[in-house]
>>> print(open('final_20.pdb').read())   # PDB, C-alpha atoms and all ligand atoms
ATOM      1  CA  MET A 847     -44.258 -20.146  21.798
ATOM      2  CA  LYS A 848     -45.878 -17.848  19.249
ATOM      3  CA  LYS A 849     -45.763 -14.161  20.139
ATOM      4  CA  LYS A 850     -49.122 -12.582  20.970
ATOM      5  CA  ILE A 851     -50.585  -9.153  20.366
ATOM      6  CA  TRP A 852     -53.715  -7.428  21.696
ATOM      7  CA  TYR A 853     -55.772  -4.884  19.753
ATOM      8  CA  THR A 854     -58.451  -2.664  21.262
ATOM      9  CA  TYR A 855     -61.774  -1.729  19.676
ATOM     10  CA  ASP A 856     -60.313   1.743  19.103
ATOM     11  CA  ASP A 857     -57.244   0.330  17.300
ATOM     12  CA  ILE A 858     -59.594  -1.689  15.108
ATOM     13  CA  HIS A 859     -61.911   1.234  14.379
ATOM     14  CA  ARG A 860     -58.949   3.346  13.184
ATOM     15  CA  VAL A 861     -57.633   0.552  10.944
ATOM     16  CA  ILE A 862     -61.075   0.042   9.421
ATOM     17  CA  LYS A 863     -61.285   3.720   8.556
ATOM     18  CA  GLN A 864     -57.993   3.334   6.650
ATOM     19  CA  LEU A 865     -59.356   0.191   5.024
ATOM     20  CA  SER A 866     -62.480   2.046   3.878
ATOM     21  CA  ILE A 867     -60.330   4.740   2.232
ATOM     22  CA  LYS A 868     -58.445   2.073   0.242
ATOM     23  CA  ILE A 869     -61.744   0.518  -0.852
ATOM     24  CA  LYS A 870     -63.195   3.869  -1.939
ATOM     25  CA  ASN A 871     -59.967   4.779  -3.771
ATOM     26  CA  SER A 872     -60.215   1.579  -5.832
ATOM     27  CA  GLY A 873     -62.973   3.213  -7.850
ATOM     28  CA  VAL A 874     -65.246   0.153  -7.635
ATOM     29  CA  HIS A 875     -68.591   0.833  -6.046
ATOM     30  CA  TYR A 876     -69.485  -2.121  -3.857
ATOM     31  CA  ASP A 877     -73.214  -2.696  -3.441
ATOM     32  CA  ALA A 878     -73.049  -4.946  -0.387
ATOM     33  CA  MET A 879     -70.737  -6.668   2.032
ATOM     34  CA  ILE A 880     -70.723 -10.373   2.780
ATOM     35  CA  ALA A 881     -69.261 -10.824   6.259
ATOM     36  CA  ILE A 882     -67.607 -14.136   7.092
ATOM     37  CA  GLY A 883     -68.730 -14.934  10.608
ATOM     38  CA  GLY A 884     -67.933 -14.940  13.366
ATOM     39  CA  GLY A 885     -64.717 -12.894  13.051
ATOM     40  CA  GLY A 886     -65.932 -10.751  10.140
ATOM     41  CA  PHE A 887     -69.155  -9.552  11.787
ATOM     42  CA  ILE A 888     -67.840  -6.689  13.928
ATOM     43  CA  PRO A 889     -65.343  -5.459  11.291
ATOM     44  CA  ALA A 890     -68.152  -5.426   8.670
ATOM     45  CA  ARG A 891     -70.413  -3.462  11.000
ATOM     46  CA  ILE A 892     -67.699  -0.860  11.643
ATOM     47  CA  LEU A 893     -66.895  -0.705   7.920
ATOM     48  CA  ARG A 894     -70.566   0.009   7.222
ATOM     49  CA  CYS A 895     -70.289   3.359   8.962
ATOM     50  CA  PHE A 896     -67.775   4.400   6.266
ATOM     51  CA  LEU A 897     -69.183   2.580   3.207
ATOM     52  CA  ASN A 898     -72.918   2.784   3.941
ATOM     53  CA  ILE A 899     -73.812  -0.466   2.210
ATOM     54  CA  PRO A 900     -75.820  -3.404   3.558
ATOM     55  CA  ILE A 901     -74.246  -6.399   5.276
ATOM     56  CA  TYR A 902     -75.093  -9.993   4.362
ATOM     57  CA  ALA A 903     -73.441 -12.904   6.127
ATOM     58  CA  VAL A 904     -72.124 -16.422   5.844
ATOM     59  CA  THR A 905     -70.680 -18.407   8.723
ATOM     60  CA  THR A 906     -68.029 -21.094   8.591
ATOM     61  CA  ALA A 907     -66.152 -23.228  11.093
ATOM     62  CA  TYR A 908     -62.552 -24.264  10.708
ATOM     63  CA  TYR A 909     -61.285 -27.668  11.777
ATOM     64  CA  ASP A 910     -57.802 -29.042  12.300
ATOM     65  CA  ASN A 911     -58.253 -32.737  11.536
ATOM     66  CA  ASP A 912     -55.593 -34.981  13.030
ATOM     67  CA  HIS A 913     -55.800 -38.449  11.454
ATOM     68  CA  ALA A 914     -52.973 -40.688  12.609
ATOM     69  CA  GLY A 915     -50.577 -37.758  12.839
ATOM     70  CA  GLN A 916     -51.604 -36.305   9.424
ATOM     71  CA  VAL A 917     -52.974 -32.816   9.990
ATOM     72  CA  THR A 918     -55.412 -31.496   7.383
ATOM     73  CA  ASP A 919     -57.492 -28.326   7.517
ATOM     74  CA  SER A 920     -61.107 -28.232   6.577
ATOM     75  CA  VAL A 921     -63.764 -25.552   6.522
ATOM     76  CA  LYS A 922     -67.467 -26.230   6.881
ATOM     77  CA  LYS A 923     -70.509 -24.076   6.241
ATOM     78  CA  ILE A 924     -72.548 -23.270   9.321
ATOM     79  CA  GLN A 925     -74.849 -20.895   7.428
ATOM     80  CA  TRP A 926     -74.810 -19.795   3.790
ATOM     81  CA  LEU A 927     -76.595 -17.504   1.327
ATOM     82  CA  ASP A 928     -78.513 -20.427  -0.062
ATOM     83  CA  PRO A 929     -80.424 -19.555  -2.121
ATOM     84  CA  LEU A 930     -78.693 -16.306  -3.005
ATOM     85  CA  PRO A 931     -81.026 -13.350  -2.300
ATOM     86  CA  GLU A 932     -82.306 -11.675  -5.489
ATOM     87  CA  SER A 933     -81.017  -8.364  -4.136
ATOM     88  CA  LEU A 934     -77.414  -9.626  -4.532
ATOM     89  CA  ARG A 935     -77.713 -10.956  -8.081
ATOM     90  CA  GLY A 936     -75.463  -9.093 -10.549
ATOM     91  CA  LYS A 937     -73.997  -6.895  -7.798
ATOM     92  CA  ASN A 938     -70.443  -5.992  -6.755
ATOM     93  CA  VAL A 939     -69.905  -7.633  -3.388
ATOM     94  CA  LEU A 940     -67.156  -7.175  -0.844
ATOM     95  CA  VAL A 941     -66.299 -10.207   1.290
ATOM     96  CA  VAL A 942     -65.187  -9.088   4.760
ATOM     97  CA  ASP A 943     -63.210 -10.995   7.376
ATOM     98  CA  GLU A 944     -61.088 -10.028  10.353
ATOM     99  CA  VAL A 945     -57.824 -11.724   9.494
ATOM    100  CA  ASP A 946     -55.989 -13.027   6.437
ATOM    101  CA  ASP A 947     -54.030 -15.814   8.116
ATOM    102  CA  SER A 948     -53.561 -19.118   6.221
ATOM    103  CA  ARG A 949     -56.222 -18.123   3.623
ATOM    104  CA  VAL A 950     -57.835 -21.554   3.976
ATOM    105  CA  THR A 951     -61.173 -20.072   5.088
ATOM    106  CA  LEU A 952     -60.937 -17.224   2.588
ATOM    107  CA  GLU A 953     -60.204 -19.580  -0.311
ATOM    108  CA  PHE A 954     -63.126 -21.797   0.646
ATOM    109  CA  CYS A 955     -65.555 -18.872   0.887
ATOM    110  CA  LEU A 956     -64.328 -17.119  -2.263
ATOM    111  CA  ASN A 957     -64.545 -20.330  -4.317
ATOM    112  CA  GLU A 958     -68.064 -21.022  -3.083
ATOM    113  CA  LEU A 959     -69.198 -17.435  -3.705
ATOM    114  CA  ALA A 960     -67.568 -17.415  -7.183
ATOM    115  CA  LYS A 961     -70.221 -19.975  -8.255
ATOM    116  CA  GLU A 962     -72.898 -17.308  -7.786
ATOM    117  CA  ASP A 963     -74.086 -14.687 -10.204
ATOM    118  CA  PHE A 964     -72.229 -11.576  -8.959
ATOM    119  CA  ALA A 965     -70.899  -8.783 -11.183
ATOM    120  CA  SER A 966     -67.668  -8.876  -9.163
ATOM    121  CA  ILE A 967     -66.222  -9.984  -5.851
ATOM    122  CA  GLY A 968     -63.646  -8.093  -3.797
ATOM    123  CA  VAL A 969     -62.155  -9.068  -0.474
ATOM    124  CA  ALA A 970     -61.372  -6.870   2.527
ATOM    125  CA  VAL A 971     -59.638  -7.915   5.730
ATOM    126  CA  LEU A 972     -58.726  -5.938   8.802
ATOM    127  CA  HIS A 973     -55.371  -7.650   9.462
ATOM    128  CA  GLU A 974     -53.157  -9.205   6.791
ATOM    129  CA  LYS A 975     -50.570 -11.505   8.358
ATOM    130  CA  ILE A 976     -47.261 -11.604   6.544
ATOM    131  CA  LYS A 977     -46.569 -15.322   6.158
ATOM    132  CA  GLU A 978     -46.687 -18.215   3.677
ATOM    133  CA  LYS A 979     -50.292 -18.820   2.662
ATOM    134  CA  ALA A 980     -51.793 -22.292   2.281
ATOM    135  CA  GLY A 981     -54.904 -20.987   0.504
ATOM    136  CA  LYS A 982     -55.174 -18.756  -2.574
ATOM    137  CA  ILE A 983     -57.166 -15.666  -3.369
ATOM    138  CA  PRO A 984     -58.189 -15.844  -7.051
ATOM    139  CA  GLU A 985     -55.840 -13.838  -9.281
ATOM    140  CA  ASN A 986     -57.153 -10.420 -10.309
ATOM    141  CA  MET A 987     -59.623 -10.310  -7.435
ATOM    142  CA  PRO A 988     -59.461  -6.876  -5.745
ATOM    143  CA  TYR A 989     -57.912  -7.346  -2.292
ATOM    144  CA  PHE A 990     -57.785  -4.756   0.482
ATOM    145  CA  SER A 991     -56.213  -5.000   3.925
ATOM    146  CA  GLY A 992     -56.365  -2.468   6.740
ATOM    147  CA  ILE A 993     -52.806  -3.156   7.925
ATOM    148  CA  THR A 994     -50.146  -5.815   7.510
ATOM    149  CA  VAL A 995     -49.022  -7.496  10.724
ATOM    150  CA  PRO A 996     -46.342 -10.038  11.674
ATOM    151  CA  ASP A 997     -47.325 -13.690  12.068
ATOM    152  CA  TRP A 998     -48.247 -13.372  15.754
ATOM    153  CA  TRP A 999     -51.390 -14.569  17.512
ATOM    154  CA  ILE A1000     -53.876 -11.685  17.587
ATOM    155  CA  ASN A1001     -56.159 -11.300  20.604
ATOM    156  CA  TYR A1002     -59.349  -9.567  19.479
ATOM    157  CA  PRO A1003     -61.413  -7.519  21.942
ATOM    158  CA  TRP A1004     -64.608  -9.429  21.094
ATOM    159  CA  ASP A1005     -62.955 -12.595  22.462
ATOM    160  CA  ALA A1006     -62.037 -10.951  25.779
ATOM    161  CA  GLU A1007     -63.701 -12.261  28.911
ATOM    162  CA  ASP A1008     -62.275  -9.276  30.787
ATOM    163  CA  ILE A1009     -62.142  -6.262  28.447
ATOM    164  CA  ASP A1010     -60.249  -4.087  30.987
ATOM    165  CA  GLU A1011     -57.497  -6.673  31.300
ATOM    166  CA  HIS A1012     -57.477  -6.994  27.488
ATOM    167  CA  ASN A1013     -57.037  -3.216  27.109
ATOM    168  CA  SER A1014     -54.200  -3.224  29.693
ATOM    169  CA  LEU A1015     -52.426  -5.969  27.767
ATOM    170  CA  ALA A1016     -52.903  -3.950  24.554
ATOM    171  CA  ALA A1017     -51.426  -0.842  26.183
ATOM    172  CA  GLN A1018     -48.526  -2.906  27.559
ATOM    173  CA  SER A1019     -47.817  -4.533  24.187
ATOM    174  CA  LYS A1020     -47.529  -1.057  22.612
ATOM    175  CA  ILE A1021     -44.713  -0.180  25.080
ATOM    176  CA  ASP A1022     -42.826  -3.530  24.785
TER
HETATM  177  P1  LIG A1101     -58.117 -17.049   6.659
HETATM  178  O1  LIG A1101     -58.613 -17.901   5.528
HETATM  179  O2  LIG A1101     -59.000 -15.828   6.855
HETATM  180  O3  LIG A1101     -56.672 -16.707   6.541
HETATM  181  O4  LIG A1101     -58.344 -17.832   8.027
HETATM  182  P2  LIG A1101     -57.806 -19.279   8.504
HETATM  183  O5  LIG A1101     -58.589 -20.337   7.808
HETATM  184  O6  LIG A1101     -56.330 -19.328   8.402
HETATM  185  O7  LIG A1101     -58.205 -19.175  10.024
HETATM  186  C1  LIG A1101     -58.768 -20.214  10.753
HETATM  187  C2  LIG A1101     -59.423 -19.642  11.981
HETATM  188  O8  LIG A1101     -58.419 -19.093  12.842
HETATM  189  C3  LIG A1101     -60.389 -18.510  11.679
HETATM  190  O9  LIG A1101     -61.416 -18.570  12.637
HETATM  191  C4  LIG A1101     -59.550 -17.256  11.963
HETATM  192  O10 LIG A1101     -60.374 -16.181  12.301
HETATM  193  C5  LIG A1101     -58.727 -17.738  13.135
HETATM  194  N1  LIG A1101     -57.484 -16.990  13.301
HETATM  195  C6  LIG A1101     -56.386 -17.016  12.501
HETATM  196  N2  LIG A1101     -55.409 -16.244  13.008
HETATM  197  C7  LIG A1101     -55.899 -15.707  14.142
HETATM  198  C8  LIG A1101     -55.350 -14.813  15.142
HETATM  199  O11 LIG A1101     -54.213 -14.353  15.071
HETATM  200  N3  LIG A1101     -56.153 -14.520  16.182
HETATM  201  C9  LIG A1101     -57.432 -15.002  16.308
HETATM  202  N4  LIG A1101     -58.136 -14.629  17.380
HETATM  203  N5  LIG A1101     -57.991 -15.850  15.397
HETATM  204  C10 LIG A1101     -57.212 -16.179  14.330
HETATM  205  P3  LIG A1101     -62.879 -19.034  12.244
HETATM  206  O12 LIG A1101     -62.918 -20.511  12.090
HETATM  207  O13 LIG A1101     -63.313 -18.238  11.054
HETATM  208  O14 LIG A1101     -63.685 -18.624  13.521
HETATM  209  P4  LIG A1101     -64.371 -17.240  13.946
HETATM  210  O15 LIG A1101     -63.657 -16.805  15.165
HETATM  211  O16 LIG A1101     -64.207 -16.268  12.821
HETATM  212  O17 LIG A1101     -65.778 -17.620  14.175
HETATM  213 MG    MG A1102     -63.317 -16.148  10.879
END
>>> encode(input="final_20.pdb", output="structure tokens")
Amino acid sequence: MKKKIWYTYDDIHRVIKQLSIKIKNSGVHYDAMIAIGGGGFIPARILRCFLNIPIYAVTTAYYDNDHAGQVTDSVKKIQWLDPLPESLRGKNVLVVDEVDDSRVTLEFCLNELAKEDFASIGVAVLHEKIKEKAGKIPENMPYFSGITVPDWWINYPWDAEDIDEHNSLAAQSKID
């Protein structure tokens, strides 16, 4: 079974501060964030306290299709910036998500957003999993990650039904 890890809101806040420093040090001024929901919403909101730029959003859903034993991944739009708001035209935008896992969702979103009239697109993720990636981030696209993590299943606090139990598991996994 895949190993699991728990992160608290505090862990995440600290990592996002580090992430914001990397983004600022890049020298590119981003005008807005585009959060990929649902996982990117809370990271984007925390990042806003360091970057002070507005948050726009798109939402996708990821499906594992199993057709006669053949597993294929697909990503669908739940909500999109369609039409693109005038306020984003010609701007530097930073696409924000919680985790860089297979990159299937990221590739889908980045390819769709690349069709729009932005000055530039960068991508920022909280957790970058070290593993083989099925999807690709376009070459030369600025990429920022808060921290690199092993290929374990991450339990995020916003998914916790019992946040106290979640925090205990996080504390325990720091000792183990
Ligand atoms: P990627 O392009 O960002 O690498 O994401 P990928 O398509 O590989 O991920 C498919 C879904 O699985 C995404 O959810 C992603 O957030 C979620 N996921 C991947 N690894 C983990 C993990 O370790 N822990 C948790 N909790 N989720 C993980 P989604 O379809 O975007 O749903 P949502 O939760 O963001 O709404
Ligand atoms: Mg997601």
>>> closest_atom_pairs(input="final_20.pdb", of="chain A", to="ligand MG 1102 (chain A)", cutoff="6 Å", atoms="all atoms listed in the file", output="tab-separated table")
residue	atom	partner	partner_atom	distance
A:Gly883	CA	A:MG1102	MG	5.6
A:Gly884	CA	A:MG1102	MG	5.4
A:Gly885	CA	A:MG1102	MG	4.2
>>> residues_near_ligand(input="final_20.pdb", ligand="ligand LIG 1101 (chain A)", cutoff="6 Å", atoms="all atoms listed in the file", output="MDAnalysis selection string")
chainID A and resid 883:885 907:908 945:952 999:1002
>>> axis_aligned_box(input="final_20.pdb", around="range 852-857 of chain A", padding_each_side="5 Å", output="AutoDock Vina command-line options")
--center_x -57.7 --center_y -2.8 --center_z 19.5 --size_x 18.1 --size_y 19.2 --size_z 14.4
>>> resolve_selection(input="final_20.pdb", expression="the PyMOL selection byres (((chain A and resi 920) around 8) and not hetatm)", output="ChimeraX atom specification")
/A:908-911,918-919,921-922,950
>>> resolve_selection(input="final_20.pdb", expression="the PyMOL selection byres (((chain A and resi 867) around 12) and not hetatm)", output="MDAnalysis selection string")
chainID A and resid 860:866 868:874 893 896:897 970 990:992
>>> write_last_selection(input="final_20.pdb", atoms="C-alpha atoms", output="compact mmCIF listing (two decimals), in the coordinates of the input")
# COMPACT_ATOMS: atom_id res chain seq x y z
CA ARG A 860 -58.95 3.35 13.18
CA VAL A 861 -57.63 0.55 10.94
CA ILE A 862 -61.08 0.04 9.42
CA LYS A 863 -61.28 3.72 8.56
CA GLN A 864 -57.99 3.33 6.65
CA LEU A 865 -59.36 0.19 5.02
CA SER A 866 -62.48 2.05 3.88
CA LYS A 868 -58.44 2.07 0.24
CA ILE A 869 -61.74 0.52 -0.85
CA LYS A 870 -63.20 3.87 -1.94
CA ASN A 871 -59.97 4.78 -3.77
CA SER A 872 -60.22 1.58 -5.83
CA GLY A 873 -62.97 3.21 -7.85
CA VAL A 874 -65.25 0.15 -7.64
CA LEU A 893 -66.90 -0.70 7.92
CA PHE A 896 -67.78 4.40 6.27
CA LEU A 897 -69.18 2.58 3.21
CA ALA A 970 -61.37 -6.87 2.53
CA PHE A 990 -57.78 -4.76 0.48
CA SER A 991 -56.21 -5.00 3.92
CA GLY A 992 -56.36 -2.47 6.74
